[in-house]
Amino acid sequence: RQLAAHNGRLLAALPSDVNDVPKAVELGTAMFSVPNVVRTPEWLEKNGQCIDNIRPDQSTIEQAGRGAFATRPLRMGDVIAPAPLLHIRRDDTLNVHEDYNDDGTVETFHGYQLLLNYCFSHPRSSLLLYPYSPVVNYINHDGKDPNAFIRWSGRKYHKSEWLDRTVEDIIDNEAHPGLILEF
């Protein structure tokens with residue numbers, strides 16, 4: 001562990017107790033460090049949620065770019081995809097970098113990262129909500145005739161009580177996502 005102390009990823013893969021090394025060798029470090037990663041079909045049926053209803057592809061509409069396309073028929077009101085939300089402090093998206101010129105001078109650039117384009121937020125809020133789920137950032141719709149909408153999830157892992165908390169309380173006290181949107 002002392003040799004791995006400078007490498008966080010390596011350190012995380014090692015058992016904290018030397019007595020657990022044989023078990024880690026038998027299972028592999030990934031299975032040892034996250035023992036519940038493989039679930040039964042029954043568990044998945046009860047607790048899981050389908051995330052393969054859409055795929056990314058090039059639109060057939062001229063100059064529309066890429067979008068999300070259904071992989072199977074979906075009815076009005078069906079969940080297209082769940083999206084847990086990472087909560088990010090807006091100031092953390094500020095991108096500062098320096099450019100060194102040939103004459104030895106340094107120019108500093110301030111701007112926001114591309115990530116900001118994919119977050120939900122109010123312009124005056126310090127909280128950004130980034131939906132992280134496969135393909136959801138490709139979901140588009142016609143503004144006049146939408147075929148998709150966004151709602152808070154009704155599933156048990158969505159912590160709806162967070163909606164009554166302050167932005168500062170969530171940012172300062174929550175290390176893991178708790179809010180979930182459904183497209």
# chains A, B, ... in the order shown; residues from 1 in each chain; ligands from 1
>>> residues_around(residues="His141 in chain A", least_positions_apart="2", cutoff="12 Å", atoms="only C-alpha atoms", output="ChimeraX atom specification")
/A:59,61,64,66-69,137-139,143-150,183
>>> select_by_dssp(residues="range 62-93 of chain A", states="strand (DSSP E)", output="PyMOL selection string")
chain A and resi 66-70+82-89
>>> residues_around(residues="Ile80 in chain A", least_positions_apart="4", cutoff="8 Å", atoms="only C-alpha atoms", output="JSON list (two decimals) with all heavy atoms, in the first residue's frame")
[["chain", "number", "residue", "atom", "x", "y", "z"],
["A", 51, "ILE", "N", -32.34, 1.25, -20.34],
["A", 51, "ILE", "CA", -31.65, 2.43, -20.86],
["A", 51, "ILE", "C", -31.27, 2.26, -22.33],
["A", 51, "ILE", "O", -30.46, 3.02, -22.84],
["A", 51, "ILE", "CB", -30.41, 2.80, -20.02],
["A", 51, "ILE", "CG1", -29.39, 1.67, -20.01],
["A", 51, "ILE", "CG2", -30.80, 3.22, -18.62],
["A", 51, "ILE", "CD1", -28.06, 2.07, -19.41],
["A", 53, "ASN", "N", -33.57, 2.28, -24.92],
["A", 53, "ASN", "CA", -34.69, 2.67, -25.77],
["A", 53, "ASN", "C", -34.28, 3.60, -26.91],
["A", 53, "ASN", "O", -35.06, 3.82, -27.83],
["A", 53, "ASN", "CB", -35.77, 3.39, -24.95],
["A", 53, "ASN", "CG", -36.56, 2.44, -24.08],
["A", 53, "ASN", "OD1", -36.68, 1.26, -24.39],
["A", 53, "ASN", "ND2", -37.09, 2.95, -22.99],
["A", 54, "ILE", "N", -33.08, 4.19, -26.81],
["A", 54, "ILE", "CA", -32.63, 5.13, -27.84],
["A", 54, "ILE", "C", -31.19, 4.85, -28.23],
["A", 54, "ILE", "O", -30.42, 4.25, -27.49],
["A", 54, "ILE", "CB", -32.77, 6.60, -27.37],
["A", 54, "ILE", "CG1", -32.08, 6.82, -26.01],
["A", 54, "ILE", "CG2", -34.22, 7.02, -27.32],
["A", 54, "ILE", "CD1", -32.09, 8.25, -25.51],
["A", 74, "LEU", "N", -42.26, 3.39, -28.81],
["A", 74, "LEU", "CA", -42.53, 3.97, -27.50],
["A", 74, "LEU", "C", -43.87, 4.68, -27.54],
["A", 74, "LEU", "O", -44.18, 5.38, -28.51],
["A", 74, "LEU", "CB", -41.43, 4.97, -27.12],
["A", 74, "LEU", "CG", -40.01, 4.40, -26.98],
["A", 74, "LEU", "CD1", -38.99, 5.53, -26.87],
["A", 74, "LEU", "CD2", -39.93, 3.48, -25.79],
["A", 182, "GLU", "N", -36.56, 12.00, -15.96],
["A", 182, "GLU", "CA", -36.97, 11.02, -16.97],
["A", 182, "GLU", "C", -37.30, 11.79, -18.23],
["A", 182, "GLU", "O", -38.00, 12.81, -18.18],
["A", 182, "GLU", "CB", -38.19, 10.22, -16.50],
["A", 182, "GLU", "CG", -37.89, 9.34, -15.34],
["A", 182, "GLU", "CD", -39.11, 8.61, -14.80],
["A", 182, "GLU", "OE1", -40.25, 9.03, -15.10],
["A", 182, "GLU", "OE2", -38.92, 7.63, -14.08],
["A", 183, "PHE", "N", -36.77, 11.34, -19.34],
["A", 183, "PHE", "CA", -37.10, 11.91, -20.64],
["A", 183, "PHE", "C", -38.19, 11.05, -21.24],
["A", 183, "PHE", "O", -38.26, 9.86, -21.02],
["A", 183, "PHE", "CB", -35.88, 11.89, -21.56],
["A", 183, "PHE", "CG", -34.83, 12.88, -21.17],
["A", 183, "PHE", "CD1", -33.89, 12.60, -20.19],
["A", 183, "PHE", "CD2", -34.76, 14.12, -21.78],
["A", 183, "PHE", "CE1", -32.92, 13.49, -19.83],
["A", 183, "PHE", "CE2", -33.78, 15.03, -21.43],
["A", 183, "PHE", "CZ", -32.86, 14.72, -20.45]]
>>> residues_around(residues="Ile170 in chain A", least_positions_apart="3", cutoff="12 Å", atoms="only C-alpha atoms", output="PyMOL selection string")
chain A and resi 86-89+126-129+159+161-167+173-179
>>> select_by_dssp(residues="range 129-173 of chain A", states="helix (DSSP H, G or I)", output="number ranges by chain")
A: 136-138, 160-164, 167-173
>>> write_last_selection(atoms="all heavy atoms", output="CSV table (one decimal), in the first residue's frame")
chain,number,residue,atom,x,y,z
A,136,VAL,N,-28.8,10.5,-23.7
A,136,VAL,CA,-29.9,11.5,-23.4
A,136,VAL,C,-29.5,12.9,-23.9
A,136,VAL,O,-30.4,13.7,-24.2
A,136,VAL,CB,-30.2,11.5,-21.9
A,136,VAL,CG1,-30.8,10.2,-21.4
A,136,VAL,CG2,-29.1,11.9,-21.0
A,137,ASN,N,-28.2,13.2,-24.0
A,137,ASN,CA,-27.9,14.5,-24.5
A,137,ASN,C,-28.1,14.7,-26.0
A,137,ASN,O,-27.9,15.8,-26.5
A,137,ASN,CB,-26.5,14.9,-24.1
A,137,ASN,CG,-26.4,15.2,-22.6
A,137,ASN,OD1,-27.2,15.9,-22.1
A,137,ASN,ND2,-25.4,14.6,-21.9
A,138,TYR,N,-28.5,13.6,-26.6
A,138,TYR,CA,-28.9,13.7,-28.1
A,138,TYR,C,-30.4,13.9,-28.3
A,138,TYR,O,-30.8,14.1,-29.4
A,138,TYR,CB,-28.5,12.4,-28.8
A,138,TYR,CG,-27.0,12.3,-29.1
A,138,TYR,CD1,-26.2,11.5,-28.3
A,138,TYR,CD2,-26.4,12.9,-30.1
A,138,TYR,CE1,-24.8,11.3,-28.5
A,138,TYR,CE2,-25.1,12.8,-30.4
A,138,TYR,CZ,-24.3,12.0,-29.6
A,138,TYR,OH,-23.0,11.9,-29.8
A,160,SER,N,-36.8,13.0,-4.0
A,160,SER,CA,-37.6,14.2,-4.2
A,160,SER,C,-37.5,15.2,-3.1
A,160,SER,O,-37.8,16.4,-3.3
A,160,SER,CB,-39.1,13.8,-4.5
A,160,SER,OG,-39.6,13.1,-3.3
A,161,GLU,N,-37.2,14.8,-1.9
A,161,GLU,CA,-37.0,15.7,-0.8
A,161,GLU,C,-35.9,16.7,-1.0
A,161,GLU,O,-35.9,17.8,-0.4
A,161,GLU,CB,-36.8,15.0,0.6
A,161,GLU,CG,-35.5,14.2,0.7
A,161,GLU,CD,-35.5,12.8,0.1
A,161,GLU,OE1,-36.5,12.4,-0.6
A,161,GLU,OE2,-34.5,12.1,0.3
A,162,TRP,N,-35.0,16.4,-1.9
A,162,TRP,CA,-33.9,17.4,-2.3
A,162,TRP,C,-34.5,18.7,-2.9
A,162,TRP,O,-33.9,19.7,-2.9
A,162,TRP,CB,-32.9,16.8,-3.2
A,162,TRP,CG,-31.9,15.8,-2.6
A,162,TRP,CD1,-32.1,15.1,-1.5
A,162,TRP,CD2,-30.7,15.5,-3.1
A,162,TRP,NE1,-31.0,14.4,-1.3
A,162,TRP,CE2,-30.1,14.6,-2.3
A,162,TRP,CE3,-30.0,16.0,-4.3
A,162,TRP,CZ2,-28.8,14.1,-2.5
A,162,TRP,CZ3,-28.7,15.4,-4.5
A,162,TRP,CH2,-28.1,14.5,-3.6
A,163,LEU,N,-35.7,18.5,-3.5
A,163,LEU,CA,-36.3,19.7,-4.2
A,163,LEU,C,-36.7,20.8,-3.2
A,163,LEU,O,-36.9,21.9,-3.6
A,163,LEU,CB,-37.5,19.2,-5.0
A,163,LEU,CG,-37.2,18.2,-6.1
A,163,LEU,CD1,-38.4,17.7,-6.8
A,163,LEU,CD2,-36.2,18.8,-7.2
A,164,ASP,N,-36.8,20.4,-1.9
A,164,ASP,CA,-37.1,21.4,-0.9
A,164,ASP,C,-35.9,22.0,-0.2
A,164,ASP,O,-36.0,22.7,0.8
A,164,ASP,CB,-38.1,20.8,0.1
A,164,ASP,CG,-39.4,20.4,-0.5
A,164,ASP,OD1,-39.9,21.1,-1.3
A,164,ASP,OD2,-39.9,19.3,-0.1
A,167,VAL,N,-29.9,25.3,-2.7
A,167,VAL,CA,-28.8,24.9,-3.6
A,167,VAL,C,-27.5,24.7,-2.8
A,167,VAL,O,-26.8,23.7,-3.0
A,167,VAL,CB,-28.6,26.0,-4.6
A,167,VAL,CG1,-27.3,25.9,-5.4
A,167,VAL,CG2,-29.8,26.1,-5.6
A,168,GLU,N,-27.2,25.6,-1.8
A,168,GLU,CA,-26.0,25.5,-1.1
A,168,GLU,C,-25.9,24.3,-0.2
A,168,GLU,O,-24.9,23.6,-0.1
A,168,GLU,CB,-25.8,26.8,-0.1
A,168,GLU,CG,-25.6,28.1,-0.9
A,168,GLU,CD,-26.8,28.6,-1.6
A,168,GLU,OE1,-28.0,28.3,-1.2
A,168,GLU,OE2,-26.7,29.4,-2.5
A,169,ASP,N,-27.0,23.9,0.3
A,169,ASP,CA,-27.1,22.7,1.1
A,169,ASP,C,-26.8,21.4,0.3
A,169,ASP,O,-26.0,20.6,0.7
A,169,ASP,CB,-28.5,22.5,1.8
A,169,ASP,CG,-28.6,21.4,2.7
A,169,ASP,OD1,-27.6,21.0,3.4
A,169,ASP,OD2,-29.7,20.8,2.8
A,170,ILE,N,-27.3,21.4,-0.9
A,170,ILE,CA,-27.0,20.2,-1.8
A,170,ILE,C,-25.6,20.2,-2.2
A,170,ILE,O,-24.9,19.2,-2.1
A,170,ILE,CB,-28.0,20.2,-3.0
A,170,ILE,CG1,-29.4,20.0,-2.6
A,170,ILE,CG2,-27.5,19.2,-4.0
A,170,ILE,CD1,-30.4,20.2,-3.7
A,171,ILE,N,-25.1,21.4,-2.7
A,171,ILE,CA,-23.7,21.4,-3.2
A,171,ILE,C,-22.7,21.1,-2.1
A,171,ILE,O,-21.7,20.4,-2.3
A,171,ILE,CB,-23.4,22.8,-3.8
A,171,ILE,CG1,-24.1,23.0,-5.1
A,171,ILE,CG2,-21.9,23.0,-4.0
A,171,ILE,CD1,-24.0,24.3,-5.7
A,172,ASP,N,-23.0,21.7,-0.9
A,172,ASP,CA,-22.0,21.5,0.2
A,172,ASP,C,-22.1,20.2,0.9
A,172,ASP,O,-21.1,19.7,1.6
A,172,ASP,CB,-22.2,22.6,1.3
A,172,ASP,CG,-21.8,24.0,0.7
A,172,ASP,OD1,-21.1,24.1,-0.3
A,172,ASP,OD2,-22.3,25.0,1.3
A,173,ASN,N,-23.2,19.5,0.9
A,173,ASN,CA,-23.4,18.3,1.7
A,173,ASN,C,-23.7,17.0,1.0
A,173,ASN,O,-23.7,15.9,1.6
A,173,ASN,CB,-24.5,18.5,2.7
A,173,ASN,CG,-24.2,19.7,3.6
A,173,ASN,OD1,-23.2,19.7,4.3
A,173,ASN,ND2,-25.1,20.7,3.7
>>> closest_residue(among="A:Tyr118, A:Phe32, A:Tyr157, A:Phe109", to="Asn140 in chain A", atoms="only C-alpha atoms")
A:Tyr118
>>> residues_around(residues="Cys50 in chain A", least_positions_apart="6", cutoff="9 Å", atoms="only C-alpha atoms", output="ChimeraX atom specification")
/A:79-82
>>> write_last_selection(atoms="C-alpha atoms", output="PDB file, in the first residue's frame")
ATOM      1  CA  VAL A  79     -39.893   6.719 -20.157  1.00  0.00           C
ATOM      2  CA  ILE A  80     -37.451   7.174 -23.022  1.00  0.00           C
ATOM      3  CA  ALA A  81     -34.465   7.155 -20.672  1.00  0.00           C
ATOM      4  CA  PRO A  82     -33.768   7.855 -17.003  1.00  0.00           C
TER       5      PRO A  82
END
>>> atom_distance(atom1="CA of Ser125 in chain A", atom2="CA of Thr108 in chain A")
25.7 Å
>>> atom_distance(atom1="CA of Val25 in chain A", atom2="CA of Leu44 in chain A")
27.3 Å
>>> atom_distance(atom1="CA of Asn47 in chain A", atom2="CA of Asp78 in chain A")
17.1 Å
>>> closest_residue(among="A:Asn19, A:Ser153, A:Gln63, A:Asn36", to="Gln49 in chain A", atoms="only C-alpha atoms")
A:Ser153
>>> closest_residue(among="A:Leu85, A:Lys156, A:Glu42, A:Thr93", to="Asn117 in chain A", atoms="only C-alpha atoms")
A:Thr93
